[in-house]
>>> print(open('input-v8.txt').read())   # compact mmCIF, C-alpha atoms and all ligand atoms
# COMPACT_ATOMS: atom_id res chain seq x y z
CA MET A 583 21.76 -7.36 25.74
CA VAL A 584 18.15 -8.54 26.12
CA SER A 585 17.72 -12.07 24.76
CA TYR A 586 15.24 -13.01 22.04
CA LYS A 587 13.13 -15.11 24.41
CA LYS A 588 13.00 -12.30 26.95
CA LEU A 589 11.91 -9.80 24.30
CA LEU A 590 9.05 -12.05 23.20
CA ASN A 591 7.97 -12.49 26.81
CA ILE A 592 7.95 -8.73 27.34
CA LEU A 593 5.92 -8.31 24.14
CA LYS A 594 3.33 -10.81 25.33
CA LYS A 595 3.02 -8.93 28.58
CA VAL A 596 2.74 -5.38 27.26
CA GLU A 597 1.01 -5.60 23.90
CA GLU A 598 -2.73 -5.92 23.26
CA PRO A 599 -3.00 -9.66 22.41
CA ASP A 600 -4.67 -9.29 18.99
CA PHE A 601 -1.69 -7.37 17.57
CA THR A 602 1.34 -9.65 17.06
CA PHE A 603 0.81 -13.36 16.54
CA VAL A 604 3.32 -15.16 18.78
CA GLU A 605 3.79 -18.93 18.78
CA GLY A 606 6.90 -20.92 19.69
CA SER A 607 9.89 -19.35 17.94
CA PHE A 608 7.70 -17.17 15.74
CA PRO A 609 8.13 -14.34 15.03
CA PRO A 610 11.80 -13.42 15.07
CA VAL A 611 12.57 -9.97 16.41
CA PHE A 612 14.28 -7.66 13.92
CA GLU A 613 16.85 -5.13 14.96
CA ASN A 614 18.52 -3.93 11.79
CA ALA A 615 17.91 -3.56 8.07
CA GLU A 616 20.12 -2.24 5.32
CA GLY A 617 19.50 -2.46 1.59
CA ILE A 618 17.74 -5.78 1.01
CA ILE A 619 19.22 -7.43 4.13
CA VAL A 620 17.43 -7.57 7.46
CA LYS A 621 18.96 -8.83 10.73
CA ASP A 622 17.27 -10.23 13.81
CA VAL A 623 18.42 -10.01 17.43
CA GLU A 624 20.02 -13.44 17.24
CA GLY A 625 22.24 -12.39 14.35
CA ASN A 626 20.30 -14.18 11.57
CA GLU A 627 20.27 -12.46 8.19
CA TYR A 628 17.19 -12.38 5.96
CA LEU A 629 16.58 -11.25 2.39
CA ASP A 630 13.59 -8.95 2.09
CA PHE A 631 11.13 -9.59 -0.74
CA SER A 632 8.27 -7.68 0.86
CA SER A 633 9.69 -4.15 0.91
CA PHE A 634 8.14 -4.24 4.41
CA PHE A 635 4.52 -3.79 3.34
CA GLY A 636 5.59 -2.01 0.18
CA VAL A 637 7.27 0.87 2.03
CA SER A 638 11.03 0.31 1.69
CA PHE A 639 10.87 0.13 -2.08
CA THR A 640 14.28 1.75 -2.55
CA GLY A 641 15.84 -0.48 0.13
CA HIS A 642 16.21 -0.22 3.89
CA SER A 643 18.12 2.46 5.82
CA GLN A 644 19.15 4.46 2.81
CA ALA A 645 22.29 6.58 3.10
CA PHE A 646 20.20 9.65 2.23
CA ILE A 647 18.06 9.11 5.32
CA LYS A 648 21.17 9.19 7.48
CA GLU A 649 22.41 12.32 5.67
CA GLU A 650 19.08 14.08 6.11
CA ALA A 651 19.03 13.10 9.78
CA LYS A 652 22.10 15.30 10.21
CA ASN A 653 20.34 18.37 8.82
CA GLY A 654 18.69 19.13 12.11
CA PHE A 655 15.14 20.29 11.40
CA PHE A 656 12.84 17.48 12.43
CA HIS A 657 9.46 18.74 13.52
CA GLY A 658 7.44 21.65 12.20
CA LEU A 659 4.32 23.59 13.01
CA GLY A 660 1.99 21.61 10.76
CA ASP A 661 -0.81 23.75 9.33
CA LEU A 662 0.27 26.89 11.22
CA ILE A 663 3.74 27.68 9.81
CA PRO A 664 4.89 25.66 6.80
CA SER A 665 8.37 24.28 6.35
CA LYS A 666 10.33 24.78 3.15
CA GLU A 667 10.54 21.00 2.74
CA LYS A 668 6.79 20.49 2.92
CA ILE A 669 6.17 23.13 0.25
CA LEU A 670 8.82 21.70 -2.08
CA LEU A 671 7.53 18.16 -1.61
CA MET A 672 3.92 19.12 -2.30
CA ASP A 673 5.06 20.90 -5.45
CA GLU A 674 6.99 17.82 -6.54
CA ILE A 675 4.01 15.54 -5.90
CA SER A 676 1.65 17.88 -7.73
CA ASN A 677 4.04 17.90 -10.72
CA ILE A 678 4.29 14.11 -10.70
CA ILE A 679 0.51 13.69 -10.58
CA GLY A 680 -0.13 16.44 -13.13
CA ASN A 681 -3.45 18.17 -13.96
CA ASN A 682 -2.79 20.86 -11.33
CA PHE A 683 -3.85 18.57 -8.50
CA LYS A 684 -3.56 19.99 -5.00
CA GLY A 685 -3.89 18.33 -1.63
CA ILE A 686 -2.80 17.77 1.92
CA LEU A 687 -0.08 15.72 3.56
CA LEU A 688 -0.96 13.40 6.42
CA GLN A 689 0.65 10.39 8.08
CA ASN A 690 -0.90 7.01 7.38
CA GLY A 691 -2.64 5.43 4.45
CA SER A 692 -5.87 5.44 6.45
CA ASP A 693 -5.61 9.22 6.87
CA ALA A 694 -5.04 9.67 3.14
CA VAL A 695 -8.11 7.56 2.37
CA GLU A 696 -10.15 9.52 4.90
CA ALA A 697 -9.07 12.82 3.37
CA CYS A 698 -10.14 11.61 -0.09
CA LEU A 699 -13.51 10.34 1.16
CA ARG A 700 -14.15 13.57 3.06
CA SER A 701 -13.11 15.74 0.11
CA ALA A 702 -15.56 13.83 -2.09
CA TYR A 703 -18.18 14.21 0.66
CA LEU A 704 -17.75 17.98 0.53
CA TYR A 705 -18.53 17.74 -3.18
CA LYS A 706 -21.51 15.36 -3.09
CA LYS A 707 -22.74 15.51 0.53
CA ASN A 708 -23.64 11.83 0.63
CA LYS A 709 -22.53 9.05 2.98
CA THR A 710 -22.74 6.20 0.48
CA VAL A 711 -19.50 5.13 -1.20
CA ILE A 712 -19.12 2.62 -4.01
CA ALA A 713 -16.35 0.22 -2.95
CA PHE A 714 -15.17 -3.28 -3.88
CA LYS A 715 -15.13 -6.74 -2.40
CA GLY A 716 -11.62 -7.60 -1.29
CA ALA A 717 -10.76 -3.92 -0.77
CA TYR A 718 -8.28 -2.92 1.89
CA HIS A 719 -8.14 0.80 2.62
CA GLY A 720 -6.95 0.72 6.24
CA THR A 721 -8.43 0.10 9.66
CA ALA A 722 -8.97 3.57 11.15
CA LEU A 723 -12.73 4.11 11.23
CA THR A 724 -13.28 6.15 8.09
CA ALA A 725 -11.05 3.91 5.98
CA LEU A 726 -12.62 0.88 7.65
CA SER A 727 -15.98 2.01 6.25
CA VAL A 728 -14.74 0.97 2.80
CA THR A 729 -12.47 -1.95 3.79
CA TYR A 730 -14.25 -5.18 2.90
CA SER A 731 -13.04 -7.96 5.17
CA SER A 732 -15.44 -8.79 7.99
CA ASN A 733 -12.42 -9.72 10.08
CA PHE A 734 -11.60 -6.02 10.40
CA ARG A 735 -15.17 -4.71 10.41
CA GLU A 736 -17.29 -7.05 12.46
CA ARG A 737 -16.82 -5.67 15.96
CA PHE A 738 -16.94 -2.03 14.91
CA SER A 739 -19.55 -1.89 12.16
CA ASP A 740 -21.80 0.36 14.29
CA LEU A 741 -19.13 3.02 14.38
CA LEU A 742 -18.40 3.43 10.68
CA PRO A 743 -19.05 6.92 9.28
CA PHE A 744 -19.52 6.04 5.58
CA ARG A 745 -21.88 3.42 4.18
CA ALA A 746 -20.11 1.26 1.62
CA LYS A 747 -21.94 -0.46 -1.20
CA PHE A 748 -19.56 -3.27 -2.17
CA PHE A 749 -19.38 -4.64 -5.72
CA ASP A 750 -17.24 -7.42 -7.20
CA TYR A 751 -13.81 -6.32 -8.46
CA SER A 752 -14.81 -7.46 -11.93
CA LEU A 753 -16.09 -6.25 -15.28
CA ASP A 754 -19.60 -7.52 -14.49
CA SER A 755 -19.89 -4.84 -11.85
CA LEU A 756 -19.71 -1.94 -14.29
CA GLU A 757 -23.30 -2.38 -15.42
CA LYS A 758 -24.47 -3.00 -11.86
CA ILE A 759 -22.76 0.15 -10.55
CA ASP A 760 -24.15 2.17 -13.44
CA SER A 761 -27.63 0.93 -12.74
CA TYR A 762 -27.25 1.45 -8.96
CA LEU A 763 -26.14 5.04 -9.51
CA SER A 764 -29.04 5.71 -11.85
CA LYS A 765 -31.38 5.21 -8.88
CA ASN A 766 -29.18 6.09 -5.89
CA GLN A 767 -26.77 8.76 -4.80
CA ALA A 768 -23.17 8.24 -3.65
CA SER A 769 -20.32 10.60 -2.83
CA SER A 770 -17.47 8.62 -4.44
CA ILE A 771 -16.22 5.44 -6.01
CA ILE A 772 -13.08 4.21 -4.26
CA VAL A 773 -10.88 1.57 -5.84
CA GLU A 774 -7.39 0.14 -5.53
CA PRO A 775 -5.96 0.07 -9.06
CA ILE A 776 -4.41 -3.25 -8.00
CA GLN A 777 -5.86 -4.92 -4.91
CA GLY A 778 -2.86 -5.55 -2.69
CA ARG A 779 -4.00 -7.16 0.52
CA ALA A 780 -6.63 -9.19 -1.33
CA GLY A 781 -3.69 -11.20 -2.69
CA ILE A 782 -2.52 -8.99 -5.60
CA LYS A 783 -5.64 -8.83 -7.75
CA ILE A 784 -5.04 -7.24 -11.13
CA PRO A 785 -8.07 -5.38 -12.51
CA PRO A 786 -9.60 -6.96 -15.61
CA LYS A 787 -8.93 -5.04 -18.80
CA GLY A 788 -11.33 -2.14 -19.16
CA PHE A 789 -12.48 -2.22 -15.51
CA LEU A 790 -10.75 0.95 -14.32
CA LYS A 791 -11.58 2.76 -17.57
CA GLY A 792 -15.20 1.69 -17.07
CA LEU A 793 -15.22 3.18 -13.58
CA GLU A 794 -13.75 6.40 -14.96
CA LYS A 795 -16.57 6.58 -17.51
CA ILE A 796 -19.28 6.01 -14.88
CA SER A 797 -17.64 8.56 -12.58
CA ASN A 798 -17.62 11.15 -15.37
CA GLU A 799 -21.16 10.46 -16.54
CA LYS A 800 -22.66 10.48 -13.05
CA ASP A 801 -20.39 13.23 -11.74
CA ILE A 802 -19.26 11.09 -8.79
CA PRO A 803 -15.57 11.48 -7.89
CA LEU A 804 -13.38 8.49 -8.61
CA ILE A 805 -10.81 7.89 -5.85
CA PHE A 806 -7.74 5.81 -6.64
CA ASP A 807 -6.28 4.40 -3.46
CA GLU A 808 -2.62 4.24 -4.49
CA VAL A 809 -1.27 3.75 -0.98
CA PHE A 810 0.01 0.35 -2.13
CA THR A 811 0.67 0.95 -5.84
CA GLY A 812 2.10 4.49 -5.67
CA PHE A 813 5.66 5.64 -6.14
CA GLY A 814 6.90 3.35 -8.81
CA LYS A 815 5.65 -0.19 -8.30
CA THR A 816 3.87 -0.42 -11.65
CA GLY A 817 6.83 1.14 -13.48
CA GLU A 818 5.04 4.51 -13.40
CA TYR A 819 4.88 6.76 -10.36
CA PHE A 820 1.18 6.04 -10.09
CA ALA A 821 -0.88 3.15 -11.40
CA LYS A 822 -3.29 5.72 -12.88
CA ASP A 823 -0.61 6.43 -15.51
CA TYR A 824 0.08 2.76 -16.10
CA PHE A 825 -3.64 2.14 -16.72
CA LYS A 826 -4.13 5.55 -18.39
CA VAL A 827 -7.06 6.48 -16.18
CA LYS A 828 -7.72 9.91 -14.68
CA PRO A 829 -9.12 9.66 -11.15
CA ASP A 830 -10.43 12.78 -9.41
CA LEU A 831 -8.65 12.05 -6.12
CA ILE A 832 -5.58 10.01 -5.21
CA ALA A 833 -4.55 8.61 -1.82
CA PHE A 834 -0.89 7.70 -1.37
CA GLY A 835 1.47 6.83 1.48
CA LYS A 836 3.78 3.85 2.06
CA GLY A 837 6.47 4.21 -0.65
CA LEU A 838 6.61 8.01 -0.49
CA THR A 839 9.42 8.25 2.07
CA GLY A 840 10.54 4.62 2.02
CA ALA A 841 10.62 4.54 5.81
CA PHE A 842 8.49 7.09 7.63
CA PRO A 843 4.75 7.68 7.96
CA LEU A 844 3.93 10.38 5.45
CA SER A 845 0.86 10.14 3.26
CA GLY A 846 -1.35 12.41 1.25
CA CYS A 847 -4.57 13.05 -0.57
CA PHE A 848 -4.33 15.04 -3.80
CA GLY A 849 -7.25 15.87 -6.02
CA LYS A 850 -8.78 18.11 -8.63
CA ARG A 851 -8.80 21.78 -7.69
CA GLU A 852 -12.58 22.11 -7.87
CA ILE A 853 -12.92 19.37 -5.26
CA MET A 854 -10.03 20.32 -2.97
CA ASP A 855 -11.04 23.99 -2.99
CA LEU A 856 -14.33 23.02 -1.35
CA TRP A 857 -12.41 22.83 1.94
CA GLY A 858 -12.68 26.64 1.76
CA GLU A 859 -10.30 29.45 2.69
CA SER A 860 -8.46 29.07 5.99
CA ARG A 861 -10.04 30.91 8.88
CA GLY A 862 -6.83 30.57 10.87
CA GLU A 863 -7.39 26.97 11.84
CA ALA A 864 -7.35 23.98 9.49
CA THR A 865 -10.43 21.82 9.99
CA TYR A 866 -8.70 18.57 9.06
CA THR A 867 -5.18 18.44 10.44
CA PHE A 868 -2.76 16.47 12.58
CA THR A 869 0.19 17.56 14.74
CA PHE A 870 2.68 15.79 12.48
CA SER A 871 1.10 16.64 9.10
CA GLY A 872 3.76 17.44 6.51
CA ASN A 873 6.60 16.75 8.94
CA PRO A 874 9.71 18.54 7.58
CA PHE A 875 12.12 15.64 8.14
CA PHE A 876 9.79 13.14 6.51
CA SER A 877 9.23 15.61 3.65
CA ARG A 878 12.99 16.01 3.16
CA VAL A 879 13.41 12.23 3.12
CA ALA A 880 10.51 11.91 0.65
CA LEU A 881 12.17 14.38 -1.74
CA ARG A 882 15.39 12.37 -1.58
CA ASN A 883 13.48 9.09 -1.94
CA ILE A 884 11.79 10.32 -5.12
CA LYS A 885 15.24 11.26 -6.49
CA LYS A 886 16.43 7.76 -5.55
CA ILE A 887 13.51 6.08 -7.32
CA GLU A 888 14.45 8.10 -10.41
CA SER A 889 18.19 7.37 -10.11
CA LEU A 890 17.48 3.64 -9.85
CA ASN A 891 15.96 3.99 -13.32
CA PHE A 892 12.74 2.56 -11.95
CA ARG A 893 10.80 2.36 -15.21
CA LYS A 894 13.35 -0.05 -16.68
CA LYS A 895 14.13 -1.87 -13.42
CA VAL A 896 10.48 -2.59 -12.65
CA ARG A 897 10.01 -4.17 -16.09
CA GLU A 898 13.13 -6.35 -15.51
CA ILE A 899 11.82 -7.57 -12.14
CA GLU A 900 8.40 -8.13 -13.74
CA ARG A 901 9.87 -10.23 -16.56
CA PHE A 902 11.92 -12.33 -14.15
CA LEU A 903 9.13 -12.99 -11.64
CA SER A 904 6.48 -13.61 -14.27
CA ARG A 905 8.67 -16.23 -15.97
CA GLU A 906 10.00 -17.94 -12.85
CA LEU A 907 6.77 -17.97 -10.84
CA GLU A 908 4.87 -19.42 -13.82
CA ARG A 909 7.58 -22.08 -14.03
CA LEU A 910 7.05 -22.89 -10.35
CA LYS A 911 3.31 -23.10 -10.94
CA SER A 912 3.76 -25.60 -13.76
CA PHE A 913 5.94 -27.69 -11.45
CA PHE A 914 3.79 -27.53 -8.28
CA THR A 915 0.45 -28.05 -10.01
CA LEU A 916 -1.29 -29.31 -6.87
CA LYS A 917 0.00 -26.53 -4.65
CA ILE A 918 -0.03 -23.36 -6.77
CA LYS A 919 -3.40 -22.39 -8.19
CA GLU A 920 -2.52 -19.12 -9.85
CA VAL A 921 0.31 -16.66 -10.27
CA ARG A 922 -0.63 -13.04 -10.87
CA GLY A 923 1.15 -9.76 -10.77
CA LEU A 924 2.29 -6.64 -12.43
CA GLY A 925 5.46 -4.59 -12.06
CA THR A 926 7.03 -5.57 -8.74
CA MET A 927 3.78 -6.72 -7.06
CA TRP A 928 3.18 -10.49 -7.26
CA GLY A 929 0.83 -12.99 -5.69
CA ILE A 930 1.00 -16.78 -5.63
CA GLU A 931 -2.46 -18.20 -4.97
CA LEU A 932 -2.36 -21.57 -3.23
CA PHE A 933 -4.67 -24.55 -3.38
CA PRO A 934 -6.33 -25.15 -0.01
CA PRO A 935 -5.61 -26.48 2.51
CA LEU A 936 -2.24 -24.83 1.90
CA ASN A 937 -2.29 -21.40 3.48
CA SER A 938 0.00 -18.46 2.77
CA PHE A 939 0.77 -17.94 6.44
CA GLN A 940 2.26 -21.45 6.63
CA VAL A 941 4.37 -20.84 3.51
CA PHE A 942 5.41 -17.37 4.67
CA LYS A 943 6.44 -18.77 8.06
CA ARG A 944 8.47 -21.64 6.65
CA LEU A 945 10.22 -19.34 4.16
CA LEU A 946 11.02 -16.95 6.98
CA LEU A 947 12.24 -19.43 9.57
CA ASN A 948 13.93 -22.04 7.36
CA GLU A 949 15.09 -20.02 4.38
CA LYS A 950 15.47 -16.55 5.94
CA ILE A 951 13.40 -15.12 3.12
CA ILE A 952 10.80 -12.42 3.82
CA THR A 953 7.52 -12.50 1.88
CA LEU A 954 4.02 -11.69 3.13
CA PRO A 955 0.88 -13.70 3.80
CA SER A 956 -1.99 -12.19 1.84
CA GLY A 957 -5.50 -12.77 0.52
CA GLU A 958 -8.77 -12.52 2.37
CA LYS A 959 -8.60 -16.09 3.58
CA GLY A 960 -4.81 -16.26 3.53
CA GLU A 961 -4.90 -17.85 0.09
CA ALA A 962 -2.05 -15.91 -1.54
CA LEU A 963 1.62 -15.34 -0.83
CA GLU A 964 2.71 -11.79 -1.62
CA ILE A 965 6.08 -10.96 -3.13
CA LEU A 966 7.15 -7.35 -3.55
CA PRO A 967 10.93 -7.02 -3.99
CA PRO A 968 12.59 -3.67 -3.53
CA LEU A 969 13.91 -1.87 -6.61
CA ILE A 970 17.48 -2.66 -5.54
CA ALA A 971 16.91 -6.44 -5.77
CA GLU A 972 19.42 -7.93 -8.18
CA GLU A 973 18.92 -10.98 -10.33
CA LYS A 974 21.06 -13.06 -7.97
CA ASP A 975 18.74 -12.09 -5.09
CA LEU A 976 15.66 -13.01 -7.09
CA GLU A 977 17.28 -16.34 -7.99
CA LYS A 978 17.73 -17.04 -4.26
CA LEU A 979 14.05 -16.29 -3.73
CA ILE A 980 13.00 -18.75 -6.44
CA LYS A 981 15.29 -21.50 -5.08
CA ALA A 982 13.90 -20.94 -1.58
CA LEU A 983 10.33 -21.09 -2.90
CA GLU A 984 11.17 -24.36 -4.70
CA ARG A 985 12.63 -25.93 -1.58
CA THR A 986 9.75 -24.69 0.55
CA PHE A 987 6.96 -25.93 -1.75
CA GLU A 988 8.74 -29.32 -1.79
CA THR A 989 8.23 -29.56 1.97
CA PHE A 990 4.43 -29.30 1.85
C1 LIG A 1001 -4.36 0.20 -0.63
C2 LIG A 1001 -4.16 0.56 0.81
N1 LIG A 1001 -4.81 1.61 1.33
C3 LIG A 1001 -4.66 1.99 2.61
C4 LIG A 1001 -3.83 1.29 3.44
C5 LIG A 1001 -3.71 1.70 4.88
O1 LIG A 1001 -2.48 2.28 5.12
P1 LIG A 1001 -1.98 2.48 6.64
O2 LIG A 1001 -1.75 1.11 7.18
O3 LIG A 1001 -0.72 3.28 6.50
O4 LIG A 1001 -3.06 3.21 7.36
C6 LIG A 1001 -3.10 0.20 2.95
C7 LIG A 1001 -2.19 -0.56 3.81
O5 LIG A 1001 -1.81 -1.67 3.55
C8 LIG A 1001 -3.27 -0.17 1.60
O6 LIG A 1001 -2.62 -1.23 1.06
>>> encode(input="input-v8.txt", output="structure tokens")
Amino acid sequence: MVSYKKLLNILKKVEEPDFTFVEGSFPPVFENAEGIIVKDVEGNEYLDFSSFFGVSFTGHSQAFIKEEAKNGFFHGLGDLIPSKEKILLMDEISNIIGNNFKGILLQNGSDAVEACLRSAYLYKKNKTVIAFKGAYHGTALTALSVTYSSNFRERFSDLLPFRAKFFDYSLDSLEKIDSYLSKNQASSIIVEPIQGRAGIKIPPKGFLKGLEKISNEKDIPLIFDEVFTGFGKTGEYFAKDYFKVKPDLIAFGKGLTGAFPLSGCFGKREIMDLWGESRGEATYTFTFSGNPFFSRVALRNIKKIESLNFRKKVREIERFLSRELERLKSFFTLKIKEVRGLGTMWGIELFPPLNSFQVFKRLLLNEKIITLPSGEKGEALEILPPLIAEEKDLEKLIKALERTFETF
């Protein structure tokens, strides 16, 4: 067995140094995860309240994944010869989204965002995209064009294919966007219906509806990036249904399979059909697109989301976290600035100099509780429990937060 210390030393030697932050006995090295419990190589057990970046929303290492792994068909021929699973999954997704949307399956959230931006580009033929401050759409170059943080952009800004015009994620922007688009062209408006990585920012009432109105009036496709919010986290499959807004294109990924990289871009037929009839070779494709094993797992994961009665369960988690986190805020008035959230996605904004990375680290190492550091300047702690979290698990989270805030 390779020891923890040895593993960290190997990591330091072989990984590009900007990737994993390593300092002292941080981070632990995980080797197993099942349900809500995660284990590290030293045998420590953790409770996961992050759903691992919002992916393992139905819990880790589901039995259905192991069952599907026995079925034997793992890799397909992408855009050349379809698998049964890919077809059935695309049909299921189209039915869930409604309005006869069609699309493509890809791997990462960044790919899904790229496919949406490029589909909109085929429609409007313009490189300008309306995007929002705080936005996180991924770090591959096309998605990076519309990701806000200079931390991700600064060294590569010369390489970005789209030109983002960033507006505040606030009601005030509606008039400004409207006026901008009266004088300028753009190919799309891309928005996260809840900003995840910005520290769980909930859109002000009327904001998304306002964008829908501008998009319709100016005939500029509205893209909802639902990579973070998709597949149940609002209590609807997609946040568009929670907010009752009809985007023209949707990017999704993360929670689709619960474990594997499978993403997609689905949109209105009149936009997606602009890709044109196949001439024998797809012009936007990847070797692993629509992987049959991932598709099979995604179909089972959607069934699991349904069987966990997600609409009711999400509201229960929401009620619990809203009540208990507000209680914590009223207790730690000098440490917690704001609590915000919706469904299972919650952010605790901290008063500086307290930083979410410090809180995340202490919760992880001392309490064996997994949350996520979030916010553009690390100002918010992100909590995103999996659907299988029970009240007793959530109570442990709150107690651990209490003890941890006491220590600062
Ligand atoms: C809203 C949103 N879009 C896109 C992405 C990028 O996804 P990926 O990391 O799979 O490329 C993320 C990842 O956190 C996200 O939250």
>>> atom_distance(input="input-v8.txt", atom1="atom CA of A:Leu844", atom2="atom CA of A:Phe876")
6.6 Å
>>> residues_near_ligand(input="input-v8.txt", ligand="ligand LIG 1001 (chain A)", cutoff="7 Å", atoms="only C-alpha atoms and all ligand atoms", output="number ranges by chain")
A: 635, 690-693, 695, 718-721, 774, 777-779, 807-810, 835-836
>>> atom_distance(input="input-v8.txt", atom1="atom CA of A:Val711", atom2="atom CA of A:Tyr730")
12.3 Å
>>> closest_residue(input="input-v8.txt", among="A:Ala962, A:Ile970, A:Val637, A:Leu947", to="A:Gly812", atoms="all atoms listed in the file")
A:Val637
>>> residues_around(input="input-v8.txt", residues="A:Ala713", least_positions_apart="5", cutoff="10 Å", atoms="all atoms listed in the file", output="JSON, numbers by chain")
{"A": [718, 719, 727, 728, 729, 730, 745, 746, 747, 748, 749, 750, 751, 759, 770, 771, 772, 773, 774, 805]}
>>> closest_atom_pairs(input="input-v8.txt", of="stretch 840-878 of chain A", to="stretch 675-682 of chain A", cutoff="12 Å", atoms="all atoms listed in the file", output="Markdown table")
| residue | atom | partner | partner_atom | distance |
| --- | --- | --- | --- | --- |
| A:Ser845 | CA | A:Ile675 | CA | 11.1 |
| A:Gly846 | CA | A:Ile675 | CA | 9.5 |
| A:Cys847 | CA | A:Ile675 | CA | 10.4 |
| A:Phe848 | CA | A:Ser676 | CA | 7.7 |
| A:Gly849 | CA | A:Asn682 | CA | 8.5 |
| A:Lys850 | CA | A:Asn682 | CA | 7.1 |
| A:Arg851 | CA | A:Asn682 | CA | 7.1 |
| A:Glu852 | CA | A:Asn682 | CA | 10.5 |
| A:Ile853 | CA | A:Asn682 | CA | 11.9 |
| A:Met854 | CA | A:Asn682 | CA | 11.1 |
| A:Ser877 | CA | A:Ile675 | CA | 10.9 |
>>> atom_distance(input="input-v8.txt", atom1="atom CA of A:Lys758", atom2="atom CA of A:Ala722")
28.5 Å
>>> closest_residue(input="input-v8.txt", among="A:Thr811, A:Asn873, A:Ser731, A:Ser912", to="A:Glu667", atoms="all atoms listed in the file")
A:Asn873
>>> closest_residue(input="input-v8.txt", among="A:Val584, A:Ile686, A:Val879, A:Ala780", to="A:Ser956", atoms="all atoms listed in the file")
A:Ala780
>>> residues_around(input="input-v8.txt", residues="stretch 657-663 of chain A", least_positions_apart="4", cutoff="12 Å", atoms="all atoms listed in the file", output="list in words")
Ala651, Asn653, Glu667, Lys668, Ile669, Ile686, Leu687, Leu688, Gln689, Ser860, Arg861, Gly862, Glu863, Ala864, Thr865, Tyr866, Thr867, Phe868, Thr869, Phe870, Ser871, Gly872, Asn873, Pro874, Phe875, Phe876, Ser877 and Arg878 of chain A
>>> write_last_selection(input="input-v8.txt", atoms="C-alpha atoms", output="PDB file, in the frame of the given file")
ATOM      1  CA  ALA A 651      19.030  13.100   9.780  1.00  0.00           C
ATOM      2  CA  ASN A 653      20.340  18.370   8.820  1.00  0.00           C
ATOM      3  CA  GLU A 667      10.540  21.000   2.740  1.00  0.00           C
ATOM      4  CA  LYS A 668       6.790  20.490   2.920  1.00  0.00           C
ATOM      5  CA  ILE A 669       6.170  23.130   0.250  1.00  0.00           C
ATOM      6  CA  ILE A 686      -2.800  17.770   1.920  1.00  0.00           C
ATOM      7  CA  LEU A 687      -0.080  15.720   3.560  1.00  0.00           C
ATOM      8  CA  LEU A 688      -0.960  13.400   6.420  1.00  0.00           C
ATOM      9  CA  GLN A 689       0.650  10.390   8.080  1.00  0.00           C
ATOM     10  CA  SER A 860      -8.460  29.070   5.990  1.00  0.00           C
ATOM     11  CA  ARG A 861     -10.040  30.910   8.880  1.00  0.00           C
ATOM     12  CA  GLY A 862      -6.830  30.570  10.870  1.00  0.00           C
ATOM     13  CA  GLU A 863      -7.390  26.970  11.840  1.00  0.00           C
ATOM     14  CA  ALA A 864      -7.350  23.980   9.490  1.00  0.00           C
ATOM     15  CA  THR A 865     -10.430  21.820   9.990  1.00  0.00           C
ATOM     16  CA  TYR A 866      -8.700  18.570   9.060  1.00  0.00           C
ATOM     17  CA  THR A 867      -5.180  18.440  10.440  1.00  0.00           C
ATOM     18  CA  PHE A 868      -2.760  16.470  12.580  1.00  0.00           C
ATOM     19  CA  THR A 869       0.190  17.560  14.740  1.00  0.00           C
ATOM     20  CA  PHE A 870       2.680  15.790  12.480  1.00  0.00           C
ATOM     21  CA  SER A 871       1.100  16.640   9.100  1.00  0.00           C
ATOM     22  CA  GLY A 872       3.760  17.440   6.510  1.00  0.00           C
ATOM     23  CA  ASN A 873       6.600  16.750   8.940  1.00  0.00           C
ATOM     24  CA  PRO A 874       9.710  18.540   7.580  1.00  0.00           C
ATOM     25  CA  PHE A 875      12.120  15.640   8.140  1.00  0.00           C
ATOM     26  CA  PHE A 876       9.790  13.140   6.510  1.00  0.00           C
ATOM     27  CA  SER A 877       9.230  15.610   3.650  1.00  0.00           C
ATOM     28  CA  ARG A 878      12.990  16.010   3.160  1.00  0.00           C
TER      29      ARG A 878
END
>>> closest_residue(input="input-v8.txt", among="A:Pro610, A:Gly641, A:Pro664, A:Gly617", to="A:Thr839", atoms="only C-alpha atoms")
A:Gly641
>>> residues_around(input="input-v8.txt", residues="stretch 957-961 of chain A", least_positions_apart="3", cutoff="8 Å", atoms="only C-alpha atoms", output="PyMOL selection string")
chain A and resi 716+731+779-782+931-934+936-939
>>> residues_around(input="input-v8.txt", residues="A:Glu908", least_positions_apart="5", cutoff="12 Å", atoms="only C-alpha atoms", output="PyMOL selection string")
chain A and resi 900-903+913-915+918-923+928-931+980
>>> residues_around(input="input-v8.txt", residues="stretch 794-797 of chain A", least_positions_apart="6", cutoff="9 Å", atoms="all atoms listed in the file", output="PyMOL selection string")
chain A and resi 756+759-760+763+770-771+803-804+827-830
>>> axis_aligned_box(input="input-v8.txt", around="stretch 882-886 of chain A", padding_each_side="5 Å", output="lines of an AutoDock Vina configuration file")
center_x = 14.1
center_y = 10.1
center_z = -4.0
size_x = 14.6
size_y = 14.6
size_z = 14.9
>>> closest_residue(input="input-v8.txt", among="A:Asp600, A:Leu699, A:Thr710, A:Tyr628", to="A:Leu945", atoms="all atoms listed in the file")
A:Tyr628
